[in-house]
Amino acid sequence: MSVLSRTARAAALAAAAAVAVSAAAPATATTAHPPTRPREFVALGDVDSTIRQEIRYHTPNNFVGEPIDGYLQPACVLTRPAARALHRAQRTLLRQGYSLKVYDCYRPQRAVDHFVSWAKDLDDQAMKAEFYPRVDKTRLFEDGYIAERSGHSRGSTVDLTLVKLPARPAPPHDPDRPLTPCFAPHEDRAPDNSVDMGTGYDCFDTLSHTLDPRIQGEQRAHRLLLKSALESAGFKNLPEEWWHYTLRDEPFPTTYFDFPVSRTGPR
């Protein structure tokens, strides 16, 4: 065999090996940065206008204490399958005298980056007394409260609660209100027109674990009602957060999007 033939054969074998390794490698997470919303995403209000929306990260009423990057409008945006699944859950709950209320839906990667930057700034503890009174801010990453990736950025995860019908108007956010722990009695916590779930939304505390045994009575019944309705519609719960649900068959399980949140999408 000539030197040229041996060289060509070696190159061919190397190329084949590279293809085999590539085919065998597991899929890795990717981040997509389209300037506008992909057509697979919809505004929840276009699918079900009866589901209430209180998008906290468009406002300063959150654990950071300021509007979060990427929320151009206070809108719930989801993949179409996730929005349709929420519609199914809502129909079930309406018959029982309740409505869903969403706090957050799709979350752009830039918003997650905002959370990460905030968590690394240990001097910023402005909202500690309400959202993480029993957790040292140095442990937010280690304890899993903050991460550099969020399932919300894949478009099929939602944070939500229940509202008893007929619903009272949601109280406006009062930035001058004294902060109270998110696990305080319902009447002492930050005003909300939702039912009592034992803690407020985004409460960084083990009491937020969906099935924490310390949560009993009406509070536990509310959590289980939400869990039953969402699971029957095709969602799965994050056990550490009673409000957090992800569509089981999400269409983008490894893609993290970064388009901004707004009511309107591509035409």
# chains A, B, ... in the order shown; residues from 1 in each chain; ligands from 1
>>> closest_atom_pairs(of="range 89-187 of chain A", to="range 204-215 of chain A", cutoff="9 Å", atoms="only C-alpha atoms", output="CSV")
residue,atom,partner,partner_atom,distance
A:Phe131,CA,A:Phe204,CA,5.9
A:Tyr132,CA,A:Phe204,CA,4.9
A:Pro133,CA,A:Phe204,CA,8.1
A:Arg134,CA,A:Asp205,CA,7.1
A:Val135,CA,A:Phe204,CA,7.2
A:Leu140,CA,A:Phe204,CA,8.6
A:Tyr145,CA,A:Phe204,CA,6.6
A:Cys182,CA,A:Phe204,CA,8.3
A:Phe183,CA,A:Leu207,CA,7.4
>>> write_last_selection(atoms="N, CA and C atoms", output="mmCIF file, in the first residue's frame")
data_model
loop_
_atom_site.group_PDB
_atom_site.id
_atom_site.type_symbol
_atom_site.label_atom_id
_atom_site.label_comp_id
_atom_site.auth_asym_id
_atom_site.auth_seq_id
_atom_site.Cartn_x
_atom_site.Cartn_y
_atom_site.Cartn_z
ATOM 1 N N PHE A 131 -38.804 37.282 51.447
ATOM 2 C CA PHE A 131 -38.697 36.129 50.565
ATOM 3 C C PHE A 131 -37.726 35.046 51.035
ATOM 4 N N TYR A 132 -36.719 35.384 51.843
ATOM 5 C CA TYR A 132 -35.784 34.355 52.319
ATOM 6 C C TYR A 132 -35.286 34.687 53.728
ATOM 7 N N PRO A 133 -36.205 34.905 54.657
ATOM 8 C CA PRO A 133 -35.798 35.323 56.008
ATOM 9 C C PRO A 133 -34.970 34.291 56.757
ATOM 10 N N ARG A 134 -35.113 32.996 56.437
ATOM 11 C CA ARG A 134 -34.374 31.965 57.179
ATOM 12 C C ARG A 134 -33.247 31.342 56.366
ATOM 13 N N VAL A 135 -32.930 31.939 55.210
ATOM 14 C CA VAL A 135 -31.884 31.401 54.353
ATOM 15 C C VAL A 135 -30.805 32.455 54.154
ATOM 16 N N LEU A 140 -27.969 30.493 48.348
ATOM 17 C CA LEU A 140 -29.054 30.436 47.361
ATOM 18 C C LEU A 140 -28.750 29.488 46.211
ATOM 19 N N TYR A 145 -32.160 27.446 45.154
ATOM 20 C CA TYR A 145 -33.161 28.494 44.946
ATOM 21 C C TYR A 145 -32.875 29.323 43.694
ATOM 22 N N CYS A 182 -42.625 35.401 54.212
ATOM 23 C CA CYS A 182 -43.514 34.743 53.248
ATOM 24 C C CYS A 182 -44.237 33.545 53.832
ATOM 25 N N PHE A 183 -43.828 33.092 55.023
ATOM 26 C CA PHE A 183 -44.510 31.976 55.671
ATOM 27 C C PHE A 183 -45.352 32.432 56.867
#
>>> residues_around(residues="range 227-241 of chain A", least_positions_apart="2", cutoff="10 Å", atoms="only C-alpha atoms", output="short mmCIF file (atom, residue, chain, number, x, y, z; two decimals) with N, CA and C atoms, in the first residue's frame")
data_model
loop_
_atom_site.label_atom_id
_atom_site.label_comp_id
_atom_site.auth_asym_id
_atom_site.auth_seq_id
_atom_site.Cartn_x
_atom_site.Cartn_y
_atom_site.Cartn_z
N PRO A 81 -48.70 23.75 23.31
CA PRO A 81 -49.20 22.61 24.09
C PRO A 81 -49.37 22.92 25.57
N ALA A 82 -48.46 23.69 26.15
CA ALA A 82 -48.58 24.03 27.57
C ALA A 82 -49.78 24.93 27.82
N ARG A 84 -52.54 25.05 26.06
CA ARG A 84 -53.75 24.23 25.91
C ARG A 84 -53.97 23.34 27.13
N ALA A 85 -52.87 22.83 27.69
CA ALA A 85 -52.99 22.00 28.90
C ALA A 85 -53.50 22.83 30.08
N LEU A 86 -53.03 24.08 30.20
CA LEU A 86 -53.55 24.94 31.25
C LEU A 86 -55.03 25.21 31.06
N HIS A 87 -55.45 25.36 29.82
CA HIS A 87 -56.87 25.56 29.53
C HIS A 87 -57.70 24.37 30.02
N ARG A 88 -57.18 23.15 29.83
CA ARG A 88 -57.90 21.95 30.31
C ARG A 88 -58.00 21.97 31.84
N ALA A 89 -56.91 22.33 32.50
CA ALA A 89 -56.94 22.38 33.96
C ALA A 89 -57.91 23.45 34.43
N GLN A 90 -57.93 24.58 33.75
CA GLN A 90 -58.83 25.66 34.14
C GLN A 90 -60.29 25.24 34.04
N ARG A 91 -60.65 24.52 33.00
CA ARG A 91 -62.05 24.07 32.86
C ARG A 91 -62.45 23.17 34.02
N THR A 92 -61.53 22.32 34.48
CA THR A 92 -61.81 21.47 35.63
C THR A 92 -62.00 22.28 36.89
N LEU A 93 -61.14 23.26 37.11
CA LEU A 93 -61.19 24.05 38.34
C LEU A 93 -62.38 25.00 38.37
N LEU A 100 -57.37 29.41 38.02
CA LEU A 100 -55.92 29.51 38.06
C LEU A 100 -55.50 30.97 38.00
N GLY A 144 -30.33 25.47 45.84
CA GLY A 144 -31.17 25.29 44.67
C GLY A 144 -32.22 26.35 44.43
N TYR A 145 -32.16 27.45 45.15
CA TYR A 145 -33.16 28.49 44.95
C TYR A 145 -32.88 29.32 43.69
N SER A 156 -42.41 25.77 28.71
CA SER A 156 -43.53 24.91 29.10
C SER A 156 -43.64 24.75 30.61
N THR A 157 -43.04 25.68 31.34
CA THR A 157 -43.10 25.68 32.80
C THR A 157 -43.85 26.93 33.25
N VAL A 158 -44.64 26.77 34.31
CA VAL A 158 -45.47 27.86 34.78
C VAL A 158 -45.48 27.88 36.30
N ASP A 159 -45.49 29.08 36.87
CA ASP A 159 -45.69 29.28 38.32
C ASP A 159 -47.11 29.80 38.50
N THR A 161 -51.11 29.63 41.02
CA THR A 161 -51.84 29.38 42.24
C THR A 161 -53.33 29.30 41.93
N TYR A 201 -45.89 33.13 47.20
CA TYR A 201 -45.16 32.73 45.99
C TYR A 201 -43.69 33.12 46.13
N ASP A 202 -42.81 32.27 45.60
CA ASP A 202 -41.36 32.49 45.62
C ASP A 202 -40.82 32.59 47.03
N CYS A 203 -41.39 31.83 47.93
CA CYS A 203 -40.90 31.79 49.30
C CYS A 203 -39.73 30.80 49.38
N PHE A 204 -38.52 31.31 49.62
CA PHE A 204 -37.34 30.46 49.69
C PHE A 204 -37.28 29.83 51.08
N ASP A 205 -38.00 28.74 51.24
CA ASP A 205 -38.10 28.09 52.54
C ASP A 205 -38.60 26.67 52.31
N THR A 206 -38.23 25.75 53.19
CA THR A 206 -38.67 24.37 53.04
C THR A 206 -40.18 24.22 53.22
N LEU A 207 -40.83 25.20 53.83
CA LEU A 207 -42.29 25.15 53.93
C LEU A 207 -42.95 25.24 52.55
N SER A 208 -42.21 25.67 51.54
CA SER A 208 -42.75 25.73 50.18
C SER A 208 -42.76 24.37 49.50
N HIS A 209 -42.11 23.37 50.09
CA HIS A 209 -42.15 22.03 49.50
C HIS A 209 -43.61 21.57 49.44
N THR A 210 -44.03 21.11 48.29
CA THR A 210 -45.44 20.85 48.04
C THR A 210 -46.09 19.99 49.11
N LEU A 211 -45.41 18.95 49.54
CA LEU A 211 -46.00 18.01 50.49
C LEU A 211 -45.34 18.11 51.87
N ASP A 212 -44.80 19.26 52.21
CA ASP A 212 -44.21 19.42 53.53
C ASP A 212 -45.25 19.05 54.59
N ALA A 221 -55.05 21.19 51.51
CA ALA A 221 -56.12 20.88 50.56
C ALA A 221 -55.99 21.73 49.31
N HIS A 222 -55.65 22.99 49.46
CA HIS A 222 -55.46 23.86 48.30
C HIS A 222 -54.30 23.37 47.43
N ARG A 223 -53.19 23.01 48.07
CA ARG A 223 -52.04 22.52 47.31
C ARG A 223 -52.40 21.24 46.54
N LEU A 224 -53.12 20.36 47.18
CA LEU A 224 -53.47 19.09 46.54
C LEU A 224 -54.48 19.30 45.42
N LEU A 225 -55.38 20.26 45.58
CA LEU A 225 -56.33 20.56 44.52
C LEU A 225 -55.60 21.08 43.28
N TRP A 243 -45.85 25.92 43.67
CA TRP A 243 -46.39 26.71 42.56
C TRP A 243 -45.82 26.33 41.19
N HIS A 244 -44.84 25.45 41.12
CA HIS A 244 -44.03 25.23 39.91
C HIS A 244 -44.43 23.93 39.20
N TYR A 245 -44.87 24.07 37.94
CA TYR A 245 -45.31 22.91 37.15
C TYR A 245 -44.74 22.98 35.74
N THR A 246 -44.36 21.80 35.21
CA THR A 246 -43.80 21.69 33.86
C THR A 246 -44.59 20.66 33.07
N LEU A 247 -44.90 20.98 31.84
CA LEU A 247 -45.59 20.03 30.97
C LEU A 247 -44.71 18.79 30.78
N ARG A 248 -45.28 17.61 31.00
CA ARG A 248 -44.49 16.38 30.91
C ARG A 248 -43.89 16.20 29.52
N ASP A 249 -44.66 16.41 28.48
CA ASP A 249 -44.19 16.23 27.11
C ASP A 249 -43.86 17.59 26.49
N GLU A 250 -42.98 18.34 27.16
CA GLU A 250 -42.66 19.66 26.66
C GLU A 250 -41.97 19.57 25.30
#
>>> closest_residue(among="A:Met197, A:Ala75, A:Ile55, A:Ala126", to="His173 in chain A", atoms="only C-alpha atoms")
A:Ile55
>>> atom_distance(atom1="CA of Arg56 in chain A", atom2="CA of Ile68 in chain A")
9.0 Å
>>> closest_residue(among="A:Tyr106, A:Phe63, A:Tyr71, A:Tyr98", to="Asp124 in chain A", atoms="only C-alpha atoms")
A:Phe63
>>> select_by_dssp(residues="range 12-258 of chain A", states="alpha helix (DSSP H)", output="number ranges by chain")
A: 12-24, 44-47, 80-94, 109-120, 128-131, 217-232
>>> closest_residue(among="A:Ala119, A:Leu94, A:Val47, A:Cys76", to="His152 in chain A", atoms="only C-alpha atoms")
A:Cys76
>>> residues_around(residues="range 260-266 of chain A", least_positions_apart="3", cutoff="6 Å", atoms="only C-alpha atoms", output="VMD selection string")
chain A and resid 37 43 70 to 73 75
>>> closest_residue(among="A:Ile51, A:Leu44, A:Ala190, A:Val102", to="Pro172 in chain A", atoms="only C-alpha atoms")
A:Ala190
>>> select_by_dssp(residues="range 70-235 of chain A", states="strand (DSSP E or B)", output="list in words")
Tyr71, Val77, Leu78, Thr79, Tyr98, Ser99, Leu100, Lys101, Val102, Tyr103, Asp104, Thr157, Val158, Asp159, Leu160, Thr161, Leu162, Val163, Lys164 and Phe235 of chain A
>>> write_last_selection(atoms="N, CA and C atoms", output="PDB file, in the first residue's frame")
ATOM      1  N   TYR A  71     -38.813  41.333  30.530  1.00  0.00           N
ATOM      2  CA  TYR A  71     -40.272  41.372  30.636  1.00  0.00           C
ATOM      3  C   TYR A  71     -40.775  42.722  30.102  1.00  0.00           C
ATOM      4  N   VAL A  77     -46.592  33.941  28.445  1.00  0.00           N
ATOM      5  CA  VAL A  77     -46.295  33.346  27.146  1.00  0.00           C
ATOM      6  C   VAL A  77     -45.849  31.912  27.385  1.00  0.00           C
ATOM      7  N   LEU A  78     -46.382  30.988  26.589  1.00  0.00           N
ATOM      8  CA  LEU A  78     -46.068  29.566  26.741  1.00  0.00           C
ATOM      9  C   LEU A  78     -46.017  28.899  25.378  1.00  0.00           C
ATOM     10  N   THR A  79     -45.446  27.690  25.335  1.00  0.00           N
ATOM     11  CA  THR A  79     -45.611  26.895  24.124  1.00  0.00           C
ATOM     12  C   THR A  79     -47.092  26.567  23.973  1.00  0.00           C
ATOM     13  N   TYR A  98     -63.067  27.561  41.395  1.00  0.00           N
ATOM     14  CA  TYR A  98     -61.738  28.160  41.471  1.00  0.00           C
ATOM     15  C   TYR A  98     -61.260  28.567  40.080  1.00  0.00           C
ATOM     16  N   SER A  99     -60.283  29.473  40.070  1.00  0.00           N
ATOM     17  CA  SER A  99     -59.584  29.834  38.834  1.00  0.00           C
ATOM     18  C   SER A  99     -58.087  29.733  39.061  1.00  0.00           C
ATOM     19  N   LEU A 100     -57.370  29.414  38.018  1.00  0.00           N
ATOM     20  CA  LEU A 100     -55.923  29.509  38.058  1.00  0.00           C
ATOM     21  C   LEU A 100     -55.495  30.971  37.996  1.00  0.00           C
ATOM     22  N   LYS A 101     -54.376  31.273  38.627  1.00  0.00           N
ATOM     23  CA  LYS A 101     -53.723  32.565  38.450  1.00  0.00           C
ATOM     24  C   LYS A 101     -52.236  32.317  38.259  1.00  0.00           C
ATOM     25  N   VAL A 102     -51.673  32.829  37.163  1.00  0.00           N
ATOM     26  CA  VAL A 102     -50.259  32.602  36.862  1.00  0.00           C
ATOM     27  C   VAL A 102     -49.433  33.789  37.349  1.00  0.00           C
ATOM     28  N   TYR A 103     -48.271  33.459  37.932  1.00  0.00           N
ATOM     29  CA  TYR A 103     -47.306  34.466  38.355  1.00  0.00           C
ATOM     30  C   TYR A 103     -46.167  34.604  37.346  1.00  0.00           C
ATOM     31  N   ASP A 104     -45.802  33.504  36.700  1.00  0.00           N
ATOM     32  CA  ASP A 104     -44.731  33.533  35.709  1.00  0.00           C
ATOM     33  C   ASP A 104     -44.911  32.348  34.772  1.00  0.00           C
ATOM     34  N   THR A 157     -43.041  25.679  31.340  1.00  0.00           N
ATOM     35  CA  THR A 157     -43.103  25.681  32.802  1.00  0.00           C
ATOM     36  C   THR A 157     -43.850  26.926  33.249  1.00  0.00           C
ATOM     37  N   VAL A 158     -44.640  26.766  34.305  1.00  0.00           N
ATOM     38  CA  VAL A 158     -45.473  27.864  34.781  1.00  0.00           C
ATOM     39  C   VAL A 158     -45.480  27.883  36.303  1.00  0.00           C
ATOM     40  N   ASP A 159     -45.493  29.079  36.875  1.00  0.00           N
ATOM     41  CA  ASP A 159     -45.688  29.282  38.317  1.00  0.00           C
ATOM     42  C   ASP A 159     -47.106  29.801  38.502  1.00  0.00           C
ATOM     43  N   LEU A 160     -47.872  29.164  39.388  1.00  0.00           N
ATOM     44  CA  LEU A 160     -49.291  29.533  39.471  1.00  0.00           C
ATOM     45  C   LEU A 160     -49.899  29.150  40.800  1.00  0.00           C
ATOM     46  N   THR A 161     -51.114  29.627  41.016  1.00  0.00           N
ATOM     47  CA  THR A 161     -51.842  29.381  42.243  1.00  0.00           C
ATOM     48  C   THR A 161     -53.329  29.299  41.929  1.00  0.00           C
ATOM     49  N   LEU A 162     -54.144  29.295  42.984  1.00  0.00           N
ATOM     50  CA  LEU A 162     -55.601  29.242  42.840  1.00  0.00           C
ATOM     51  C   LEU A 162     -56.234  30.502  43.408  1.00  0.00           C
ATOM     52  N   VAL A 163     -57.327  30.913  42.795  1.00  0.00           N
ATOM     53  CA  VAL A 163     -58.141  32.024  43.282  1.00  0.00           C
ATOM     54  C   VAL A 163     -59.557  31.497  43.464  1.00  0.00           C
ATOM     55  N   LYS A 164     -60.139  31.757  44.631  1.00  0.00           N
ATOM     56  CA  LYS A 164     -61.517  31.348  44.888  1.00  0.00           C
ATOM     57  C   LYS A 164     -62.477  32.286  44.169  1.00  0.00           C
ATOM     58  N   PHE A 235     -49.237  18.021  33.497  1.00  0.00           N
ATOM     59  CA  PHE A 235     -48.080  18.674  34.101  1.00  0.00           C
ATOM     60  C   PHE A 235     -47.486  17.818  35.209  1.00  0.00           C
TER      61      PHE A 235
END
>>> atom_distance(atom1="CA of Lys128 in chain A", atom2="CA of Asn193 in chain A")
22.6 Å
>>> closest_residue(among="A:Pro60, A:Glu218, A:Gln53, A:Arg107", to="Pro74 in chain A", atoms="only C-alpha atoms")
A:Gln53
>>> closest_residue(among="A:Asp136, A:Gly155, A:Met127, A:Arg80", to="Pro181 in chain A", atoms="only C-alpha atoms")
A:Met127
>>> atom_distance(atom1="CA of Pro253 in chain A", atom2="CA of Asn62 in chain A")
26.7 Å
